[in-house]
>>> print(open('target-v1.csv').read())   # CSV, C-alpha atoms
chain,number,residue,atom,x,y,z
A,1,MET,CA,9.0,-42.3,7.6
A,2,ASP,CA,10.6,-39.2,9.1
A,3,LEU,CA,8.9,-36.1,7.9
A,4,ARG,CA,11.3,-33.9,9.7
A,5,ARG,CA,14.1,-34.9,7.3
A,6,ALA,CA,12.6,-32.5,4.9
A,7,LEU,CA,13.6,-29.7,7.2
A,8,ASP,CA,17.3,-30.6,6.6
A,9,TRP,CA,17.0,-30.6,2.8
A,10,ARG,CA,18.8,-27.9,1.0
A,11,PRO,CA,18.2,-26.8,-2.6
A,12,PRO,CA,21.0,-26.8,-5.2
A,13,GLU,CA,23.4,-23.9,-5.0
A,14,ASN,CA,22.2,-22.4,-8.3
A,15,TRP,CA,18.7,-21.9,-7.0
A,16,HIS,CA,17.9,-18.3,-5.9
A,17,ARG,CA,16.8,-18.2,-2.3
A,18,LEU,CA,14.7,-15.5,-0.7
A,19,SER,CA,13.9,-15.3,3.0
A,20,VAL,CA,10.6,-13.6,3.9
A,21,ILE,CA,8.5,-12.6,6.9
A,22,GLU,CA,4.8,-12.8,6.2
A,23,ALA,CA,2.4,-10.3,7.7
A,24,HIS,CA,-0.9,-8.6,7.2
A,25,THR,CA,-2.5,-5.3,8.1
A,26,GLY,CA,-6.2,-5.4,8.4
A,27,GLY,CA,-6.2,-8.5,6.2
A,28,GLU,CA,-4.0,-7.1,3.4
A,29,PRO,CA,-0.9,-9.2,3.0
A,30,PHE,CA,2.6,-7.7,3.3
A,31,ARG,CA,5.5,-10.0,2.4
A,32,VAL,CA,8.8,-8.5,3.8
A,33,VAL,CA,11.9,-9.8,2.0
A,34,VAL,CA,14.7,-9.9,4.6
A,35,ASP,CA,17.4,-11.8,2.6
A,36,GLY,CA,18.2,-12.7,-1.0
A,37,LEU,CA,17.5,-9.4,-2.9
A,38,PRO,CA,20.3,-7.5,-4.6
A,39,HIS,CA,21.7,-4.1,-3.6
A,40,LEU,CA,19.9,-1.2,-5.2
A,41,PRO,CA,21.9,1.9,-6.0
A,42,GLY,CA,20.4,5.4,-5.7
A,43,SER,CA,20.5,8.4,-3.3
A,44,THR,CA,16.7,8.5,-3.1
A,45,VAL,CA,14.1,5.8,-2.9
A,46,LEU,CA,12.6,7.0,-6.2
A,47,GLU,CA,16.0,6.3,-7.8
A,48,ARG,CA,16.1,2.9,-6.3
A,49,ARG,CA,12.5,2.3,-7.5
A,50,ARG,CA,13.5,3.2,-11.1
A,51,HIS,CA,16.5,0.8,-10.9
A,52,ALA,CA,14.3,-2.0,-9.6
A,53,GLN,CA,11.8,-1.4,-12.3
A,54,GLU,CA,14.4,-1.5,-15.0
A,55,ASN,CA,16.5,-4.4,-13.7
A,56,PHE,CA,14.7,-6.6,-11.2
A,57,ASP,CA,11.1,-6.8,-12.2
A,58,ASP,CA,11.6,-10.5,-12.7
A,59,LEU,CA,12.1,-10.8,-8.9
A,60,ARG,CA,9.0,-8.8,-8.2
A,61,ARG,CA,7.0,-11.2,-10.4
A,62,ALA,CA,8.5,-14.2,-8.8
A,63,LEU,CA,7.7,-12.9,-5.3
A,64,MET,CA,4.2,-11.5,-6.0
A,65,TRP,CA,2.8,-13.7,-8.7
A,66,GLU,CA,1.8,-17.4,-8.6
A,67,PRO,CA,3.0,-20.0,-7.6
A,68,ARG,CA,4.5,-18.2,-4.6
A,69,GLY,CA,1.9,-15.4,-4.5
A,70,HIS,CA,-1.4,-14.5,-6.1
A,71,ALA,CA,-3.1,-11.6,-7.9
A,72,ASP,CA,-3.7,-9.7,-4.6
A,73,MET,CA,-0.3,-10.3,-3.1
A,74,TYR,CA,1.7,-7.3,-1.7
A,75,GLY,CA,5.2,-7.0,-0.5
A,76,GLY,CA,8.0,-4.8,0.8
A,77,TRP,CA,11.7,-4.5,-0.2
A,78,PRO,CA,13.5,-3.0,2.8
A,79,GLY,CA,16.8,-1.2,2.5
A,80,PRO,CA,19.1,1.3,4.2
A,81,PRO,CA,17.7,4.8,4.7
A,82,THR,CA,18.3,7.4,2.0
A,83,SER,CA,17.8,10.5,4.3
A,84,ALA,CA,20.2,11.7,7.0
A,85,ASN,CA,17.7,11.0,9.8
A,86,GLY,CA,16.0,8.0,8.4
A,87,ASP,CA,15.8,4.5,10.1
A,88,ILE,CA,15.0,2.4,7.1
A,89,SER,CA,13.7,2.6,3.5
A,90,VAL,CA,11.3,0.5,1.6
A,91,LEU,CA,10.0,-0.3,-1.9
A,92,PHE,CA,6.5,-1.5,-2.3
A,93,LEU,CA,5.7,-4.5,-4.6
A,94,HIS,CA,2.4,-5.6,-6.1
A,95,ASN,CA,0.9,-7.5,-9.0
A,96,GLU,CA,1.6,-4.7,-11.5
A,97,GLY,CA,4.8,-3.1,-10.4
A,98,PHE,CA,6.3,-0.9,-7.7
A,99,SER,CA,4.0,1.5,-5.7
A,100,THR,CA,5.1,5.0,-4.6
A,101,MET,CA,3.6,4.7,-1.1
A,102,CYS,CA,1.6,2.2,1.0
A,103,GLY,CA,-0.1,2.8,4.3
A,104,HIS,CA,-0.8,-0.7,5.2
A,105,GLY,CA,2.8,-1.5,4.2
A,106,VAL,CA,4.4,0.9,6.6
A,107,ILE,CA,2.2,-0.3,9.4
A,108,ALA,CA,3.2,-3.9,8.7
A,109,LEU,CA,6.9,-3.0,8.2
A,110,ALA,CA,7.0,-1.3,11.6
A,111,LYS,CA,5.5,-4.4,13.1
A,112,VAL,CA,8.0,-6.8,11.4
A,113,VAL,CA,11.2,-4.8,12.0
A,114,LEU,CA,10.4,-4.1,15.7
A,115,ASP,CA,9.0,-7.4,16.7
A,116,THR,CA,11.9,-9.4,15.0
A,117,GLY,CA,14.6,-7.1,16.3
A,118,ILE,CA,15.7,-5.7,12.9
A,119,LEU,CA,15.5,-2.4,14.6
A,120,PRO,CA,15.3,-1.9,18.4
A,121,ALA,CA,11.9,-1.4,20.1
A,122,THR,CA,11.4,0.5,23.3
A,123,SER,CA,8.3,0.7,25.5
A,124,PRO,CA,5.8,2.3,25.5
A,125,ALA,CA,6.3,3.7,22.0
A,126,THR,CA,8.9,3.6,19.2
A,127,VAL,CA,9.2,6.1,16.4
A,128,LEU,CA,10.6,5.1,13.1
A,129,LEU,CA,11.4,7.4,10.1
A,130,ILE,CA,10.7,5.4,7.0
A,131,ASP,CA,12.0,6.6,3.6
A,132,THR,CA,9.5,5.7,0.8
A,133,PRO,CA,9.4,6.7,-2.9
A,134,ALA,CA,6.8,9.4,-2.1
A,135,GLY,CA,8.8,10.8,0.8
A,136,GLN,CA,9.6,10.2,4.4
A,137,VAL,CA,6.8,9.0,6.8
A,138,GLU,CA,7.0,8.9,10.6
A,139,THR,CA,5.5,5.8,12.3
A,140,THR,CA,4.8,5.6,16.0
A,141,SER,CA,4.2,2.1,17.3
A,142,ARG,CA,2.8,1.2,20.7
A,143,VAL,CA,5.1,-1.4,22.3
A,144,SER,CA,4.1,-3.8,25.1
A,145,GLU,CA,6.2,-6.7,26.3
A,146,ASP,CA,8.5,-6.4,23.3
A,147,ARG,CA,5.6,-6.6,20.8
A,148,VAL,CA,4.0,-3.9,18.7
A,149,THR,CA,0.3,-3.6,19.4
A,150,GLY,CA,-0.6,-0.9,17.0
A,151,THR,CA,1.0,1.7,14.7
A,152,ARG,CA,0.1,5.2,13.4
A,153,PHE,CA,1.9,7.1,10.7
A,154,LYS,CA,2.1,10.7,9.5
A,155,ASN,CA,1.8,10.5,5.8
A,156,VAL,CA,3.3,12.6,3.1
A,157,PRO,CA,1.3,15.8,2.3
A,158,SER,CA,-2.0,14.9,0.6
A,159,PHE,CA,-4.1,17.1,-1.6
A,160,VAL,CA,-7.1,17.3,-3.9
A,161,ALA,CA,-6.5,17.6,-7.6
A,162,GLY,CA,-10.2,17.7,-8.6
A,163,LEU,CA,-13.7,17.5,-7.1
A,164,ASP,CA,-16.8,16.2,-8.9
A,165,GLU,CA,-15.0,15.4,-12.1
A,166,THR,CA,-16.9,13.3,-14.7
A,167,ILE,CA,-15.9,10.6,-17.1
A,168,ASP,CA,-17.8,8.5,-19.5
A,169,VAL,CA,-17.0,4.8,-18.9
A,170,PRO,CA,-18.0,2.2,-21.4
A,171,GLY,CA,-20.5,-0.2,-19.9
A,172,ILE,CA,-21.2,2.0,-16.9
A,173,GLY,CA,-22.0,5.5,-18.2
A,174,GLN,CA,-21.1,8.8,-16.6
A,175,VAL,CA,-19.1,8.5,-13.4
A,176,VAL,CA,-18.5,11.3,-11.0
A,177,TYR,CA,-15.2,11.1,-9.1
A,178,ASP,CA,-12.8,13.1,-7.0
A,179,LEU,CA,-9.1,12.9,-7.8
A,180,ALA,CA,-6.8,13.1,-4.8
A,181,PHE,CA,-3.2,12.3,-3.8
A,182,GLY,CA,-2.3,10.5,-0.6
A,183,GLY,CA,1.1,9.1,-1.5
A,184,ALA,CA,-0.4,7.9,-4.8
A,185,PHE,CA,-3.3,9.3,-6.9
A,186,TYR,CA,-6.8,7.8,-6.5
A,187,ALA,CA,-10.1,8.4,-8.2
A,188,ILE,CA,-12.7,8.3,-5.4
A,189,VAL,CA,-16.2,7.1,-6.4
A,190,ASP,CA,-19.4,6.7,-4.5
A,191,ALA,CA,-20.4,3.0,-4.9
A,192,PRO,CA,-24.1,3.3,-4.2
A,193,ARG,CA,-24.4,6.0,-6.8
A,194,LEU,CA,-23.4,3.4,-9.4
A,195,GLY,CA,-25.5,0.6,-7.9
A,196,LEU,CA,-22.3,-1.2,-6.7
A,197,ALA,CA,-22.3,-3.2,-3.4
A,198,LEU,CA,-19.2,-2.8,-1.3
A,199,ASP,CA,-19.0,-6.5,-0.6
A,200,ASN,CA,-19.1,-7.6,-4.2
A,201,ALA,CA,-15.4,-7.9,-5.0
A,202,THR,CA,-15.9,-9.2,-8.5
A,203,GLY,CA,-18.2,-6.3,-9.5
A,204,LEU,CA,-15.8,-3.8,-7.9
A,205,ILE,CA,-12.8,-5.2,-9.8
A,206,ALA,CA,-14.6,-4.9,-13.1
A,207,ALA,CA,-15.8,-1.4,-12.4
A,208,GLY,CA,-12.5,-0.3,-11.0
A,209,ARG,CA,-10.6,-1.5,-14.0
A,210,SER,CA,-13.0,0.2,-16.4
A,211,ILE,CA,-13.0,3.5,-14.5
A,212,LYS,CA,-9.3,3.6,-14.2
A,213,SER,CA,-8.7,2.9,-17.8
A,214,ALA,CA,-11.2,5.6,-18.9
A,215,ILE,CA,-9.6,8.2,-16.7
A,216,VAL,CA,-6.0,7.3,-17.8
A,217,SER,CA,-7.1,7.6,-21.4
A,218,ALA,CA,-8.9,10.9,-20.9
A,219,ARG,CA,-6.4,13.0,-18.8
A,220,THR,CA,-2.9,13.5,-17.8
A,221,ILE,CA,-2.2,13.3,-14.1
A,222,THR,CA,0.8,15.2,-12.8
A,223,HIS,CA,2.3,15.7,-9.4
A,224,PRO,CA,3.8,19.2,-8.9
A,225,GLU,CA,7.1,17.9,-7.4
A,226,SER,CA,7.9,14.6,-9.2
A,227,THR,CA,7.0,13.1,-12.6
A,228,ASP,CA,7.4,9.6,-11.0
A,229,LEU,CA,4.4,10.3,-8.8
A,230,GLY,CA,2.1,11.4,-11.7
A,231,PHE,CA,-0.1,8.4,-12.5
A,232,LEU,CA,-3.4,7.0,-11.4
A,233,TYR,CA,-2.8,4.1,-9.0
A,234,GLY,CA,-6.3,3.0,-8.2
A,235,VAL,CA,-10.0,3.6,-7.7
A,236,ILE,CA,-11.5,3.9,-4.2
A,237,PHE,CA,-15.2,3.0,-3.9
A,238,THR,CA,-16.9,4.5,-0.9
A,239,GLY,CA,-20.2,3.9,0.8
A,240,PRO,CA,-21.9,3.7,4.2
A,241,PRO,CA,-20.3,1.7,7.0
A,242,ALA,CA,-21.5,-1.8,8.0
A,243,PHE,CA,-21.0,-1.1,11.7
A,244,ASP,CA,-22.3,1.7,13.9
A,245,GLY,CA,-19.9,4.4,14.9
A,246,ASN,CA,-17.7,4.2,11.8
A,247,HIS,CA,-17.6,7.0,9.3
A,248,SER,CA,-17.8,5.0,6.0
A,249,ARG,CA,-16.3,2.1,4.1
A,250,ASN,CA,-13.5,2.1,1.6
A,251,VAL,CA,-12.8,-0.6,-1.0
A,252,CYS,CA,-9.7,0.2,-3.1
A,253,VAL,CA,-9.1,-1.5,-6.5
A,254,PHE,CA,-5.6,-0.7,-7.5
A,255,ALA,CA,-2.7,-1.8,-9.8
A,256,ASP,CA,-4.0,-4.5,-12.1
A,257,GLY,CA,-7.4,-5.2,-10.5
A,258,GLU,CA,-5.9,-5.8,-7.1
A,259,VAL,CA,-8.4,-5.5,-4.1
A,260,ASP,CA,-7.1,-4.1,-0.9
A,261,ARG,CA,-8.4,-6.0,2.1
A,262,SER,CA,-7.5,-3.1,4.4
A,263,PRO,CA,-9.1,0.3,4.4
A,264,THR,CA,-6.0,1.5,2.4
A,265,GLY,CA,-3.8,4.0,4.3
A,266,THR,CA,-2.8,6.1,1.3
A,267,GLY,CA,-6.5,5.9,0.1
A,268,LEU,CA,-7.7,7.1,3.5
A,269,SER,CA,-5.1,9.9,3.3
A,270,SER,CA,-6.6,10.9,-0.1
A,271,ARG,CA,-10.1,10.8,1.4
A,272,LEU,CA,-9.1,13.0,4.3
A,273,ALA,CA,-7.9,15.6,1.8
A,274,VAL,CA,-11.2,15.5,0.1
A,275,LEU,CA,-13.2,15.6,3.3
A,276,TYR,CA,-11.2,18.6,4.5
A,277,GLU,CA,-11.7,20.3,1.1
A,278,ARG,CA,-15.4,19.8,1.4
A,279,GLY,CA,-15.5,21.1,5.0
A,280,GLU,CA,-16.6,17.7,6.4
A,281,VAL,CA,-13.5,17.1,8.5
A,282,SER,CA,-11.5,19.6,10.5
A,283,VAL,CA,-7.9,19.5,11.8
A,284,GLY,CA,-7.8,17.2,14.8
A,285,ALA,CA,-11.0,15.4,14.1
A,286,SER,CA,-10.8,11.6,13.8
A,287,VAL,CA,-12.7,9.2,11.5
A,288,THR,CA,-12.8,5.4,11.5
A,289,ILE,CA,-13.0,3.8,8.0
A,290,GLU,CA,-13.9,0.2,7.3
A,291,SER,CA,-12.5,-2.2,4.7
A,292,ILE,CA,-14.1,-4.8,2.6
A,293,VAL,CA,-13.5,-7.4,5.3
A,294,GLY,CA,-14.6,-5.1,8.2
A,295,SER,CA,-11.1,-4.2,9.5
A,296,THR,CA,-10.6,-0.5,10.3
A,297,PHE,CA,-8.1,2.3,10.2
A,298,THR,CA,-8.4,5.6,12.1
A,299,GLY,CA,-7.5,8.8,10.3
A,300,GLU,CA,-7.1,12.4,11.3
A,301,ILE,CA,-5.6,15.6,9.9
A,302,VAL,CA,-2.8,16.8,12.1
A,303,ASP,CA,-1.7,19.9,10.1
A,304,THR,CA,-2.1,21.7,6.8
A,305,THR,CA,0.6,22.7,4.2
A,306,THR,CA,1.0,23.2,0.5
A,307,VAL,CA,2.3,21.1,-2.4
A,308,GLY,CA,3.0,23.3,-5.3
A,309,ASP,CA,-0.1,25.4,-5.9
A,310,TYR,CA,-2.3,22.9,-4.0
A,311,GLY,CA,-3.5,23.3,-0.5
A,312,ALA,CA,-2.6,20.1,1.3
A,313,VAL,CA,-3.1,18.2,4.6
A,314,ILE,CA,-0.8,16.1,6.7
A,315,PRO,CA,-2.8,13.0,7.5
A,316,GLN,CA,-2.2,10.5,10.3
A,317,VAL,CA,-3.5,7.0,9.9
A,318,GLY,CA,-3.5,4.2,12.5
A,319,GLY,CA,-4.0,0.5,12.4
A,320,SER,CA,-2.5,-2.8,13.5
A,321,ALA,CA,-0.6,-5.6,11.8
A,322,GLN,CA,0.1,-9.2,12.6
A,323,ILE,CA,3.0,-11.5,11.7
A,324,THR,CA,1.8,-14.7,10.1
A,325,GLY,CA,4.9,-16.7,9.2
A,326,ARG,CA,8.5,-17.0,8.0
A,327,ALA,CA,9.6,-18.8,4.9
A,328,GLU,CA,12.4,-19.4,2.5
A,329,LEU,CA,11.3,-19.1,-1.1
A,330,TRP,CA,13.3,-20.8,-3.9
A,331,ILE,CA,13.5,-20.0,-7.6
A,332,ASP,CA,14.7,-23.0,-9.7
A,333,PRO,CA,16.2,-21.6,-12.9
A,334,GLU,CA,14.8,-24.5,-14.9
A,335,ASP,CA,11.3,-24.0,-13.7
A,336,VAL,CA,9.6,-21.9,-16.4
A,337,LEU,CA,6.4,-21.4,-14.4
A,338,GLY,CA,8.4,-20.6,-11.2
A,339,LYS,CA,9.3,-17.2,-12.7
A,340,GLY,CA,5.8,-16.1,-12.1
A,341,PHE,CA,2.4,-16.1,-13.8
A,342,LEU,CA,-1.2,-15.0,-13.1
A,343,VAL,CA,-4.5,-16.5,-14.1
A,344,ARG,CA,-6.5,-13.4,-13.0
>>> encode(input="target-v1.csv", output="C-alpha cells")
Amino acid sequence: MDLRRALDWRPPENWHRLSVIEAHTGGEPFRVVVDGLPHLPGSTVLERRRHAQENFDDLRRALMWEPRGHADMYGGWPGPPTSANGDISVLFLHNEGFSTMCGHGVIALAKVVLDTGILPATSPATVLLIDTPAGQVETTSRVSEDRVTGTRFKNVPSFVAGLDETIDVPGIGQVVYDLAFGGAFYAIVDAPRLGLALDNATGLIAAGRSIKSAIVSARTITHPESTDLGFLYGVIFTGPPAFDGNHSRNVCVFADGEVDRSPTGTGLSSRLAVLYERGEVSVGASVTIESIVGSTFTGEIVDTTTVGDYGAVIPQVGGSAQITGRAELWIDPEDVLGKGFLVR
C-alpha cells in the first residue's frame, strides 16, 4: 500500500477546482480563495458584490456550506483593487450571502497575502490599502522574519443610528438595543439584561435570530451614502469580561444564525461609535474586547468625521491571524450534495 499515490491523483477535467488558503482570526475562520473563481466586472467592490450575488451564489454555497464548510464558515474572494491607490480588493462570503465589511477578514487577508508572498512584505511594518464593499480600509501589519505577527486596520467611518431603541420580540419580550454601523449595521444588546449567558452559543443564536427578525420587520434601516449598505447584518450581545483588564465581551450572531468566534472587528467598530456617543470612550483611548472563545481585539478611536447627517468616528481595530492550511477543493458536477447544504 502506498498512501502517497493519492497525492498524484487528479480529478476529471470537468470538475471545478478551487485552491484555498485556510486561516483564522481569533478563532473565526477565513477561507481565502486564491484560484478557481471567475472574473468579476465592476468599477467598485459594491458592483462586483452585486454581480457575484446575481451570478455566482452557487460558488459561495459550495465554498461556505457543507460538505466543504459548515454553518459558521467565512471566506474571502480577493481581486484587483478598484481604487487608484488600492493594493487589493475583497468580497466577504458567509452562510447567508456576501457581507459589506469584515474586520476579522481583513486581518486574516493581510496575514495570508503577506505571508504567502501574494503582495510583498517589508519589516518592521507593511501597510495595505484594501478595497471592500463598504469602502477602503488601511491595514498595518507588524512583520518579523517575513511573517506577520499582528495587524491593525483603520475602518470605514462608523456611527450610531439609534440609542436605547426598543422592540417587542416574541418569546423574549421587550428588548432594548443600540443600532450602529461599523461597516455593517448591528443591533447591540446587553446580554445579562435578558438573562443570557455569553458562553451559551445555542441560546444566543436563538435570541439573535429572533431579535434580528423582529427589528427587520419593524423598521427600515438606511445608510446615508449607499442603499447596498442599508440592512441589519447581526446582533451583538455584550456583557462583562471573563478576564481582568479587558473592557467587556462581544458575541456576534450574524447572517443566518452564524456565531463569530472573534470579537468581531466591524462589531467592535460599531461599539466604539456607541461608547463615544455615550461619552464612555474618548479619541485615543484604547479598549480590549473579548470573544466567545476568549480571544481579544483592541479598539480605539483615531479621529471623528461625519457620514451624511450622522456624527461618526474612525475606529482602529487590532488583532492577529494564523494560517492553518492549504487545500484544493473540487466540485463534481454529478454530486448533487456537493453543491452545498446546511443542516443548521
>>> residues_around(input="target-v1.csv", residues="A:Tyr177", least_positions_apart="6", cutoff="12 Å", atoms="all atoms listed in the file", output="PDB file with C-alpha atoms, in the coordinates of the input")
ATOM      1  CA  VAL A 160      -7.100  17.300  -3.900  1.00  0.00           C
ATOM      2  CA  ALA A 161      -6.500  17.600  -7.600  1.00  0.00           C
ATOM      3  CA  GLY A 162     -10.200  17.700  -8.600  1.00  0.00           C
ATOM      4  CA  LEU A 163     -13.700  17.500  -7.100  1.00  0.00           C
ATOM      5  CA  ASP A 164     -16.800  16.200  -8.900  1.00  0.00           C
ATOM      6  CA  GLU A 165     -15.000  15.400 -12.100  1.00  0.00           C
ATOM      7  CA  THR A 166     -16.900  13.300 -14.700  1.00  0.00           C
ATOM      8  CA  ILE A 167     -15.900  10.600 -17.100  1.00  0.00           C
ATOM      9  CA  ASP A 168     -17.800   8.500 -19.500  1.00  0.00           C
ATOM     10  CA  VAL A 169     -17.000   4.800 -18.900  1.00  0.00           C
ATOM     11  CA  TYR A 186      -6.800   7.800  -6.500  1.00  0.00           C
ATOM     12  CA  ALA A 187     -10.100   8.400  -8.200  1.00  0.00           C
ATOM     13  CA  ILE A 188     -12.700   8.300  -5.400  1.00  0.00           C
ATOM     14  CA  VAL A 189     -16.200   7.100  -6.400  1.00  0.00           C
ATOM     15  CA  ASP A 190     -19.400   6.700  -4.500  1.00  0.00           C
ATOM     16  CA  ALA A 191     -20.400   3.000  -4.900  1.00  0.00           C
ATOM     17  CA  ARG A 193     -24.400   6.000  -6.800  1.00  0.00           C
ATOM     18  CA  LEU A 194     -23.400   3.400  -9.400  1.00  0.00           C
ATOM     19  CA  GLY A 208     -12.500  -0.300 -11.000  1.00  0.00           C
ATOM     20  CA  ILE A 211     -13.000   3.500 -14.500  1.00  0.00           C
ATOM     21  CA  LYS A 212      -9.300   3.600 -14.200  1.00  0.00           C
ATOM     22  CA  ALA A 214     -11.200   5.600 -18.900  1.00  0.00           C
ATOM     23  CA  ILE A 215      -9.600   8.200 -16.700  1.00  0.00           C
ATOM     24  CA  VAL A 235     -10.000   3.600  -7.700  1.00  0.00           C
ATOM     25  CA  ILE A 236     -11.500   3.900  -4.200  1.00  0.00           C
ATOM     26  CA  PHE A 237     -15.200   3.000  -3.900  1.00  0.00           C
ATOM     27  CA  THR A 238     -16.900   4.500  -0.900  1.00  0.00           C
ATOM     28  CA  ARG A 271     -10.100  10.800   1.400  1.00  0.00           C
ATOM     29  CA  VAL A 274     -11.200  15.500   0.100  1.00  0.00           C
TER      30      VAL A 274
END
>>> closest_atom_pairs(input="target-v1.csv", of="stretch 129-237 of chain A", to="stretch 294-309 of chain A", cutoff="9 Å", atoms="only C-alpha atoms", output="JSON lines")
{"residue": "A:Arg152", "atom": "CA", "partner": "A:Thr298", "partner_atom": "CA", "distance": 8.6}
{"residue": "A:Lys154", "atom": "CA", "partner": "A:Val302", "partner_atom": "CA", "distance": 8.2}
{"residue": "A:Pro157", "atom": "CA", "partner": "A:Val307", "partner_atom": "CA", "distance": 7.2}
{"residue": "A:Ser158", "atom": "CA", "partner": "A:Val307", "partner_atom": "CA", "distance": 8.1}
{"residue": "A:Phe159", "atom": "CA", "partner": "A:Val307", "partner_atom": "CA", "distance": 7.6}
{"residue": "A:His223", "atom": "CA", "partner": "A:Gly308", "partner_atom": "CA", "distance": 8.7}
{"residue": "A:Pro224", "atom": "CA", "partner": "A:Gly308", "partner_atom": "CA", "distance": 5.5}
{"residue": "A:Glu225", "atom": "CA", "partner": "A:Gly308", "partner_atom": "CA", "distance": 7.1}
>>> atom_distance(input="target-v1.csv", atom1="atom CA of A:Ser89", atom2="atom CA of A:Ile130")
5.4 Å
>>> atom_distance(input="target-v1.csv", atom1="atom CA of A:Glu13", atom2="atom CA of A:Glu328")
14.1 Å
>>> closest_residue(input="target-v1.csv", among="A:Leu128, A:Ser291, A:Leu59, A:Asp335", to="A:Asp199", atoms="all atoms listed in the file")
A:Ser291
>>> closest_residue(input="target-v1.csv", among="A:Gly135, A:Gly150, A:Pro124, A:Pro170", to="A:Leu109", atoms="only C-alpha atoms")
A:Gly150
>>> closest_residue(input="target-v1.csv", among="A:Ser262, A:Thr324, A:Ser286, A:Gln174", to="A:His247", atoms="all atoms listed in the file")
A:Ser286
>>> closest_residue(input="target-v1.csv", among="A:Phe254, A:Trp65, A:Phe231, A:Trp77", to="A:Leu342", atoms="all atoms listed in the file")
A:Trp65
>>> residues_near_point(input="target-v1.csv", point="(12.2, -16.1, -8.0)", cutoff="9 Å", atoms="all atoms listed in the file", output="list of chain:residue names")
A:Trp15, A:His16, A:Arg17, A:Leu18, A:Asp58, A:Leu59, A:Arg60, A:Arg61, A:Ala62, A:Leu63, A:Arg68, A:Leu329, A:Trp330, A:Ile331, A:Asp332, A:Pro333, A:Gly338, A:Lys339, A:Gly340
>>> residues_around(input="target-v1.csv", residues="stretch 97-106 of chain A", least_positions_apart="4", cutoff="7 Å", atoms="only C-alpha atoms", output="tab-separated table (two decimals) with C-alpha atoms, in the frame of the given file")
chain	number	residue	atom	x	y	z
A	25	THR	CA	-2.50	-5.30	8.10
A	30	PHE	CA	2.60	-7.70	3.30
A	49	ARG	CA	12.50	2.30	-7.50
A	91	LEU	CA	10.00	-0.30	-1.90
A	92	PHE	CA	6.50	-1.50	-2.30
A	93	LEU	CA	5.70	-4.50	-4.60
A	110	ALA	CA	7.00	-1.30	11.60
A	132	THR	CA	9.50	5.70	0.80
A	133	PRO	CA	9.40	6.70	-2.90
A	134	ALA	CA	6.80	9.40	-2.10
A	183	GLY	CA	1.10	9.10	-1.50
A	184	ALA	CA	-0.40	7.90	-4.80
A	229	LEU	CA	4.40	10.30	-8.80
A	264	THR	CA	-6.00	1.50	2.40
A	265	GLY	CA	-3.80	4.00	4.30
A	266	THR	CA	-2.80	6.10	1.30
>>> closest_residue(input="target-v1.csv", among="A:Ser83, A:Thr126, A:Arg31, A:Asn250", to="A:Arg326", atoms="all atoms listed in the file")
A:Arg31
>>> residues_around(input="target-v1.csv", residues="A:Asp244", least_positions_apart="2", cutoff="12 Å", atoms="all atoms listed in the file", output="VMD selection string")
chain A and resid 240 to 242 246 to 249 288 to 290 294
>>> residues_around(input="target-v1.csv", residues="A:Val143", least_positions_apart="4", cutoff="10 Å", atoms="all atoms listed in the file", output="ChimeraX atom specification")
/A:111,114-115,121-126,147-151
>>> residues_around(input="target-v1.csv", residues="A:Gly79", least_positions_apart="3", cutoff="9 Å", atoms="all atoms listed in the file", output="NGL selection string")
:A and (39-40 or 82 or 88-91)
